[in-house]
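Trainee: This is the content of coords35.txt (compact mmCIF, C-alpha atoms):
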```txt
# COMPACT_ATOMS: atom_id res chain seq x y z
CA MET A 27 8.20 2.31 -93.81
CA VAL A 28 10.82 4.28 -95.72
CA ARG A 29 10.99 6.90 -92.97
CA GLU A 30 11.66 4.22 -90.32
CA SER A 31 14.30 2.51 -92.49
CA LEU A 32 16.19 5.79 -92.96
CA ALA A 33 15.94 6.51 -89.23
CA LEU A 34 17.64 3.20 -88.41
CA LEU A 35 20.64 4.16 -90.54
CA LEU A 36 21.21 7.49 -88.78
CA PRO A 37 22.42 8.44 -85.28
CA GLU A 38 19.88 9.40 -82.64
CA GLY A 39 19.74 13.11 -83.50
CA GLY A 40 19.35 12.41 -87.22
CA ALA A 41 16.74 9.73 -86.56
CA ARG A 42 14.58 12.25 -84.67
CA LEU A 43 14.77 14.70 -87.56
CA ILE A 44 13.82 12.02 -90.09
CA LYS A 45 10.71 11.11 -88.11
CA THR A 46 9.48 14.70 -88.30
CA ALA A 47 10.62 15.37 -91.88
CA PRO A 48 8.02 16.04 -94.59
CA LEU A 49 7.41 13.37 -97.23
CA THR A 50 9.21 15.42 -99.88
CA ALA A 51 12.40 15.46 -97.81
CA VAL A 52 12.11 11.73 -97.11
CA PHE A 53 11.65 11.08 -100.82
CA GLY A 54 14.68 13.26 -101.60
CA MET A 55 16.88 11.46 -99.07
CA LEU A 56 15.74 8.07 -100.39
CA VAL A 57 16.64 9.05 -103.97
CA ILE A 58 20.03 10.43 -102.87
CA ALA A 59 20.74 7.22 -100.93
CA VAL A 60 19.92 5.11 -103.99
CA TYR A 61 22.21 7.23 -106.17
CA ILE A 62 25.04 6.97 -103.64
CA LEU A 63 24.70 3.19 -103.37
CA THR A 64 24.58 2.91 -107.17
CA ALA A 65 27.73 5.01 -107.54
CA VAL A 66 29.66 3.11 -104.86
CA PHE A 67 28.69 -0.38 -106.02
CA ALA A 68 28.52 0.33 -109.76
CA PRO A 69 30.94 -2.47 -110.78
CA ALA A 70 28.90 -5.02 -108.82
CA ILE A 71 25.51 -3.81 -110.08
CA ALA A 72 26.30 -3.27 -113.77
CA PRO A 73 26.00 -6.45 -115.87
CA TYR A 74 28.76 -5.32 -118.26
CA GLY A 75 31.84 -3.11 -118.20
CA GLU A 76 31.70 0.63 -118.65
CA ALA A 77 33.16 0.58 -122.17
CA GLU A 78 32.54 -3.07 -123.07
CA VAL A 79 31.02 -3.65 -126.53
CA VAL A 80 28.49 -6.45 -126.13
CA GLY A 81 26.07 -6.05 -129.04
CA ALA A 82 25.24 -4.33 -132.30
CA SER A 83 25.01 -0.59 -132.79
CA PHE A 84 21.73 0.74 -131.35
CA GLN A 85 20.62 -2.79 -130.53
CA PRO A 86 17.02 -2.89 -129.26
CA ALA A 87 16.37 -3.73 -125.61
CA ASP A 88 16.11 -7.42 -124.75
CA GLU A 89 16.63 -9.73 -121.78
CA THR A 90 20.43 -9.32 -121.90
CA MET A 91 20.53 -5.55 -122.58
CA LEU A 92 17.70 -4.00 -120.59
CA LEU A 93 17.92 -0.59 -122.26
CA GLY A 94 19.49 -1.71 -125.51
CA GLY A 95 22.82 -0.65 -126.97
CA ASP A 96 24.37 2.70 -127.82
CA GLN A 97 25.98 3.81 -131.06
CA LEU A 98 28.94 1.44 -130.47
CA GLY A 99 26.99 -1.50 -129.10
CA ARG A 100 27.74 -0.87 -125.42
CA ASP A 101 25.09 -1.73 -122.85
CA LEU A 102 23.20 1.47 -122.01
CA PHE A 103 22.00 0.15 -118.65
CA SER A 104 25.60 -0.52 -117.53
CA ARG A 105 26.74 2.88 -118.75
CA LEU A 106 23.82 4.54 -116.94
CA ILE A 107 24.99 2.92 -113.69
CA PHE A 108 28.63 3.88 -114.19
CA GLY A 109 27.46 7.36 -115.16
CA ALA A 110 26.13 7.79 -111.62
CA ARG A 111 29.64 7.28 -110.27
CA ASN A 112 31.30 9.60 -112.77
CA THR A 113 28.76 12.43 -113.08
CA VAL A 114 27.72 12.62 -109.43
CA GLY A 115 31.22 11.95 -108.07
CA ILE A 116 32.89 14.65 -110.17
CA ALA A 117 30.09 17.12 -109.36
CA LEU A 118 30.53 16.43 -105.64
CA VAL A 119 34.30 16.94 -105.74
CA THR A 120 33.90 20.09 -107.84
CA THR A 121 31.33 21.55 -105.44
CA ALA A 122 33.59 20.77 -102.46
CA ILE A 123 36.54 22.56 -104.09
CA ALA A 124 34.38 25.57 -104.96
CA PHE A 125 33.10 25.71 -101.38
CA VAL A 126 36.55 25.55 -99.83
CA ILE A 127 37.77 28.40 -102.04
CA GLY A 128 34.63 30.53 -101.80
CA THR A 129 34.03 30.04 -98.07
CA LEU A 130 37.62 30.72 -96.99
CA THR A 131 38.01 33.83 -99.14
CA GLY A 132 34.56 35.09 -98.09
CA LEU A 133 35.33 34.66 -94.38
CA ILE A 134 38.76 36.27 -94.79
CA ALA A 135 37.21 39.26 -96.61
CA ALA A 136 34.55 39.73 -93.92
CA SER A 137 36.95 39.27 -91.00
CA MET A 138 39.81 41.44 -92.26
CA GLY A 139 37.86 44.10 -94.15
CA GLY A 140 39.71 47.10 -95.59
CA TRP A 141 41.85 46.63 -98.69
CA VAL A 142 41.69 42.83 -98.48
CA ASP A 143 37.90 42.95 -98.72
CA GLN A 144 38.05 45.48 -101.56
CA ILE A 145 40.53 43.46 -103.67
CA LEU A 146 38.71 40.16 -103.22
CA GLY A 147 35.37 41.84 -103.88
CA ARG A 148 36.55 43.39 -107.16
CA ILE A 149 38.00 40.07 -108.37
CA VAL A 150 34.70 38.35 -107.62
CA ASP A 151 32.70 41.09 -109.35
CA THR A 152 34.87 40.67 -112.45
CA LEU A 153 34.34 36.90 -112.55
CA LEU A 154 30.59 37.25 -112.01
CA ALA A 155 30.34 39.74 -114.89
CA ILE A 156 31.41 37.04 -117.38
CA PRO A 157 28.70 34.62 -118.62
CA GLN A 158 29.48 31.31 -116.95
CA LEU A 159 28.83 28.91 -119.82
CA ILE A 160 30.76 31.01 -122.34
CA PHE A 161 33.66 31.37 -119.89
CA ALA A 162 33.68 27.62 -119.22
CA LEU A 163 33.65 26.80 -122.94
CA LEU A 164 36.52 29.24 -123.52
CA LEU A 165 38.69 27.88 -120.70
CA LEU A 166 38.05 24.24 -121.59
CA THR A 167 38.81 24.93 -125.25
CA ILE A 168 42.15 26.44 -124.21
CA THR A 169 43.13 23.91 -121.51
CA GLY A 170 41.52 20.78 -122.96
CA PRO A 171 38.47 18.87 -121.68
CA SER A 172 40.11 16.59 -119.11
CA VAL A 173 38.44 15.67 -115.81
CA ARG A 174 40.99 17.73 -113.86
CA ASN A 175 40.49 20.81 -116.03
CA LEU A 176 36.71 20.41 -115.96
CA THR A 177 36.74 20.20 -112.16
CA LEU A 178 38.96 23.25 -111.70
CA VAL A 179 37.13 25.40 -114.27
CA ILE A 180 33.66 24.71 -112.82
CA ALA A 181 34.98 25.23 -109.28
CA LEU A 182 36.48 28.57 -110.33
CA LEU A 183 33.17 29.68 -111.85
CA TYR A 184 31.06 28.82 -108.80
CA ALA A 185 33.47 29.89 -106.04
CA PRO A 186 32.59 33.63 -106.47
CA LEU A 187 28.90 32.90 -105.77
CA ILE A 188 29.82 31.06 -102.58
CA PHE A 189 32.22 33.91 -101.68
CA ARG A 190 29.39 36.42 -101.76
CA LEU A 191 27.15 34.32 -99.54
CA ALA A 192 29.92 33.54 -97.04
CA ARG A 193 30.98 37.19 -96.89
CA ALA A 194 27.38 38.40 -96.44
CA VAL A 195 26.62 35.92 -93.65
CA ALA A 196 29.96 36.47 -91.91
CA GLY A 197 29.56 40.24 -92.21
CA GLY A 198 26.75 40.13 -89.68
CA ILE A 199 28.81 37.99 -87.30
CA VAL A 200 32.16 39.83 -87.22
CA VAL A 201 30.50 42.85 -85.60
CA MET A 202 29.21 40.83 -82.64
CA ASP A 203 30.56 41.42 -79.15
CA TYR A 204 32.14 37.99 -78.76
CA ILE A 205 34.19 38.54 -81.93
CA GLU A 206 35.42 41.85 -80.55
CA ALA A 207 36.22 40.12 -77.24
CA ALA A 208 38.29 37.51 -79.07
CA ARG A 209 40.26 40.22 -80.83
CA LEU A 210 40.83 42.10 -77.57
CA ARG A 211 42.21 38.87 -76.09
CA GLY A 212 44.83 39.00 -78.80
CA GLU A 213 43.52 36.10 -80.89
CA ARG A 214 44.86 35.88 -84.41
CA THR A 215 42.60 36.44 -87.43
CA TRP A 216 42.80 32.78 -88.41
CA TYR A 217 41.63 31.72 -84.94
CA VAL A 218 38.70 34.16 -85.12
CA ILE A 219 37.71 32.82 -88.55
CA MET A 220 37.92 29.12 -87.71
CA LYS A 221 36.73 29.11 -84.09
CA GLU A 222 34.30 32.01 -83.88
CA VAL A 223 32.94 32.84 -87.35
CA LEU A 224 32.89 29.52 -89.22
CA PRO A 225 30.75 27.58 -86.67
CA ASN A 226 28.08 30.29 -86.90
CA VAL A 227 27.79 30.21 -90.71
CA THR A 228 27.64 26.42 -91.07
CA ALA A 229 23.83 26.11 -91.39
CA PRO A 230 23.29 28.49 -94.34
CA LEU A 231 26.44 27.24 -96.06
CA ALA A 232 25.29 23.62 -95.71
CA ALA A 233 22.02 24.48 -97.42
CA GLU A 234 23.90 26.42 -100.09
CA PHE A 235 26.13 23.39 -100.69
CA GLY A 236 23.10 21.38 -101.77
CA LEU A 237 21.89 24.10 -104.12
CA ARG A 238 25.32 24.65 -105.64
CA PHE A 239 25.75 20.91 -106.11
CA CYS A 240 22.65 20.94 -108.31
CA PHE A 241 23.99 23.81 -110.43
CA VAL A 242 27.45 22.21 -110.73
CA PHE A 243 25.88 18.86 -111.58
CA LEU A 244 23.79 20.45 -114.34
CA ALA A 245 26.76 22.48 -115.64
CA ILE A 246 28.94 19.37 -115.97
CA SER A 247 26.15 17.51 -117.74
CA ALA A 248 25.61 20.45 -120.11
CA LEU A 249 29.31 20.67 -120.94
CA SER A 250 29.44 16.92 -121.52
CA PHE A 251 26.44 17.22 -123.84
CA LEU A 252 28.36 19.90 -125.78
CA GLY A 253 31.43 17.66 -126.00
CA LEU A 254 33.70 19.58 -123.61
CA GLY A 255 32.90 17.76 -120.38
CA ILE A 256 33.70 14.18 -119.38
CA GLN A 257 35.26 12.51 -122.40
CA PRO A 258 34.60 9.06 -123.94
CA PRO A 259 34.84 6.21 -123.20
CA THR A 260 34.01 7.36 -119.65
CA ALA A 261 30.26 7.03 -119.06
CA ASP A 262 28.50 10.32 -118.34
CA TRP A 263 24.82 11.14 -118.45
CA GLY A 264 25.24 14.36 -120.42
CA SER A 265 27.33 12.73 -123.15
CA MET A 266 24.98 9.71 -123.22
CA VAL A 267 22.11 12.00 -124.19
CA ARG A 268 24.20 13.48 -127.00
CA GLU A 269 25.50 10.14 -128.29
CA ASN A 270 22.06 8.54 -128.49
CA ALA A 271 19.97 11.56 -129.48
CA THR A 272 19.44 10.02 -132.93
CA LEU A 273 17.15 7.41 -131.39
CA ILE A 274 14.57 10.08 -130.57
CA SER A 275 13.85 10.40 -134.30
CA PHE A 276 12.77 6.73 -134.29
CA GLY A 277 10.44 7.11 -131.31
CA ALA A 278 12.82 5.58 -128.73
CA ILE A 279 12.93 7.11 -125.25
CA THR A 280 16.37 5.71 -124.42
CA PRO A 281 18.19 9.10 -124.69
CA LEU A 282 15.67 10.57 -122.25
CA ILE A 283 16.57 8.10 -119.47
CA PRO A 284 19.94 9.76 -118.59
CA ALA A 285 18.18 13.15 -118.76
CA ALA A 286 15.53 11.82 -116.37
CA ALA A 287 18.26 10.59 -114.01
CA ILE A 288 19.75 14.11 -113.99
CA ALA A 289 16.35 15.71 -113.35
CA LEU A 290 15.42 13.25 -110.58
CA LEU A 291 18.61 13.87 -108.61
CA THR A 292 18.23 17.64 -108.99
CA VAL A 293 14.65 17.53 -107.67
CA ALA A 294 15.63 15.21 -104.79
CA VAL A 295 18.49 17.45 -103.65
CA ASN A 296 16.23 20.51 -103.80
CA PHE A 297 13.64 18.77 -101.62
CA VAL A 298 16.27 18.05 -98.97
CA VAL A 299 17.75 21.55 -99.19
CA ASP A 300 14.31 23.15 -98.75
CA TRP A 301 13.82 21.09 -95.60
CA MET A 302 17.29 22.06 -94.30
CA LEU A 303 16.54 25.74 -94.89
CA HIS A 304 13.24 25.37 -93.03
CA ILE A 305 15.02 23.79 -90.04
CA SER A 306 17.87 26.31 -89.94
CA SER A 307 15.43 29.24 -90.15
CA GLY A 308 13.76 28.15 -86.92
CA LEU A 309 10.30 28.35 -88.46
CA LYS A 310 7.56 26.11 -87.08
CA GLU A 311 4.65 24.48 -88.85
```
The structure in this file should be written as structure tokens.

Mentor:
Amino acid sequence: MVRESLALLLPEGGARLIKTAPLTAVFGMLVIAVYILTAVFAPAIAPYGEAEVVGASFQPADETMLLGGDQLGRDLFSRLIFGARNTVGIALVTTAIAFVIGTLTGLIAASMGGWVDQILGRIVDTLLAIPQLIFALLLLTITGPSVRNLTLVIALLYAPLIFRLARAVAGGIVVMDYIEAARLRGERTWYVIMKEVLPNVTAPLAAEFGLRFCFVFLAISALSFLGLGIQPPTADWGSMVRENATLISFGAITPLIPAAAIALLTVAVNFVVDWMLHISSGLKE
């Protein structure tokens, strides 16, 4: 039933893939679709505003506040819904920025080679030698934990990993005969990158995008939990766990719900990425 419903929402080629997809991939796509719809329609779904105080501090769950209240009396269910928009949206934008930077520099390094490849490679090696979380904490402490700074810092940390993948994949393509033919025709390097190399590295990079999104998503949540990510009163799943952690001492599972939302999305994306890797590899059951 779910498989057929997803197939109806996709074009013909995508519908055929859905019908042959394993149940894990279907489950992953269903979860991702629910998260996307929740993020897009958060104001219509949430019963209260993102920062609206509607009850007492740590108010127990009842018919008006399904998950109870937080430390300020805000509705946790509403903040959980708005957190989908903020946490997932910022992670998606951050991953996209990291991919643009990492993919372009990786393709340029592989296509041009020589001193350009050496300089870019040494810069990437230097960035990869620094522990990511410590580097992120240092940069955010210096620049301040705004959404813009958080996005740029996380993108900077993950772009080198994407650079290495793009350069490795493109390295096996730039030596092909049709690339040499394009150069002999007098095509510029930018044309070779965009028209000849990039279309042939799309499949592995698409799968890598899903994996990196998971890592970026978890990194943002971890930084928010530590107080240097998305700042109050903006709803964020990482900060929601931190703000309501006291409830665990009283046997309440409320702080674990945002953590479960983070884990569920991570698992769902990995299911879909595994399926994409299986398809792009050309392996058969």

Trainee: Measuring between only C-alpha atoms, which one of A:Leu98, A:Leu237, A:Ala77, A:Leu254 shows the shortest distance to A:Phe297?

Mentor: A:Leu237

Trainee: Please compute the atom CA of A:Ala294-atom CA of A:Ile62 distance, one decimal, in Å.

Mentor: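 Here the two named atoms are 12.6 Å from each other.
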
Trainee: Need the shell around stretch 153-167 of chain A: protein/DNA/RNA residues with any atom at most 12 Å away, counting only C-alpha atoms. Skip same-chain ones fewer than 4 positions apart. Format as a ChimeraX atom specification?

Mentor: /A:146-149,171-190,241-242,244-250,252-256

Trainee: Expressed in Å to a single decimal, how great is the separation between atom CA of A:Ala47 and atom CA of A:Val227?

Mentor: 22.7 Å

Trainee: Using all atoms listed in the file, which protein or nucleic acid residues come within 9 Å of A:Ala271? Drop anything in the same chain fewer than 3 positions from it, and give the result as an MDAnalysis selection string.

Mentor: chainID A and resid 266:268 274:275 280:282

Trainee: Could you pull the residues within 10 Å of A:Pro259, counting only C-alpha atoms, minus those fewer than 4 positions along the same chain, as an MDAnalysis selection string?

Mentor: chainID A and resid 76:78 105 265

Trainee: Select, from A:Ala232, A:Val126, A:Arg193, A:Phe108, the residue with the minimum atom-to-atom distance to A:Asp143, counting all atoms listed in the file.

Mentor: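 Closest candidate: A:Arg193.
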
Trainee: Would you mind reading off the distance between atom CA of A:Arg111 and atom CA of A:Leu130, one decimal, in Å?

Mentor: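 Value for the atom CA of A:Arg111-atom CA of A:Leu130 distance: 28.1 Å.
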
Trainee: For each of A:Thr272, A:Thr292, A:Thr129, A:Thr90, take the minimum atom-to-atom distance to A:Val223, counting only C-alpha atoms, then give the residue where this is smallest.

Mentor: A:Thr129

Trainee: Using all atoms listed in the file, which residue out of A:Asp262, A:Glu234, A:Glu269, A:Asp96 lies closest to A:Val299?

Mentor: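 That would be A:Glu234, the residue with the smallest distance to A:Val299.
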
Trainee: Which is closer to A:Leu63 than all the others in A:Ala286, A:Val80, A:Leu291, A:Ala110, using only C-alpha atoms?

Mentor: A:Ala110

Trainee: Output, as lines of an AutoDock Vina configuration file, the centre and edge lengths in Å (one decimal) of the axis-aligned box that contains all listed atoms of stretch 234-253 of chain A with 3 Å of margin on each side.

Mentor:
```
center_x = 26.7
center_y = 21.7
center_z = -113.0
size_x = 15.5
size_y = 15.5
size_z = 31.9
```

Trainee: Choose the residue, out of A:Ala194, A:Val200, A:Pro69, A:Gln97, that has the smallest atom-to-atom separation from A:Thr215; count all atoms listed in the file.

Mentor: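 The closest residue to A:Thr215 is A:Val200.
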
Trainee: Could you pull the residues within 12 Å of stretch 57-59 of chain A, counting all atoms listed in the file, minus those fewer than 5 positions along the same chain, as number ranges by chain?

Mentor: A: 28, 31-32, 35, 50-52, 64-66, 110, 114, 236, 287-299
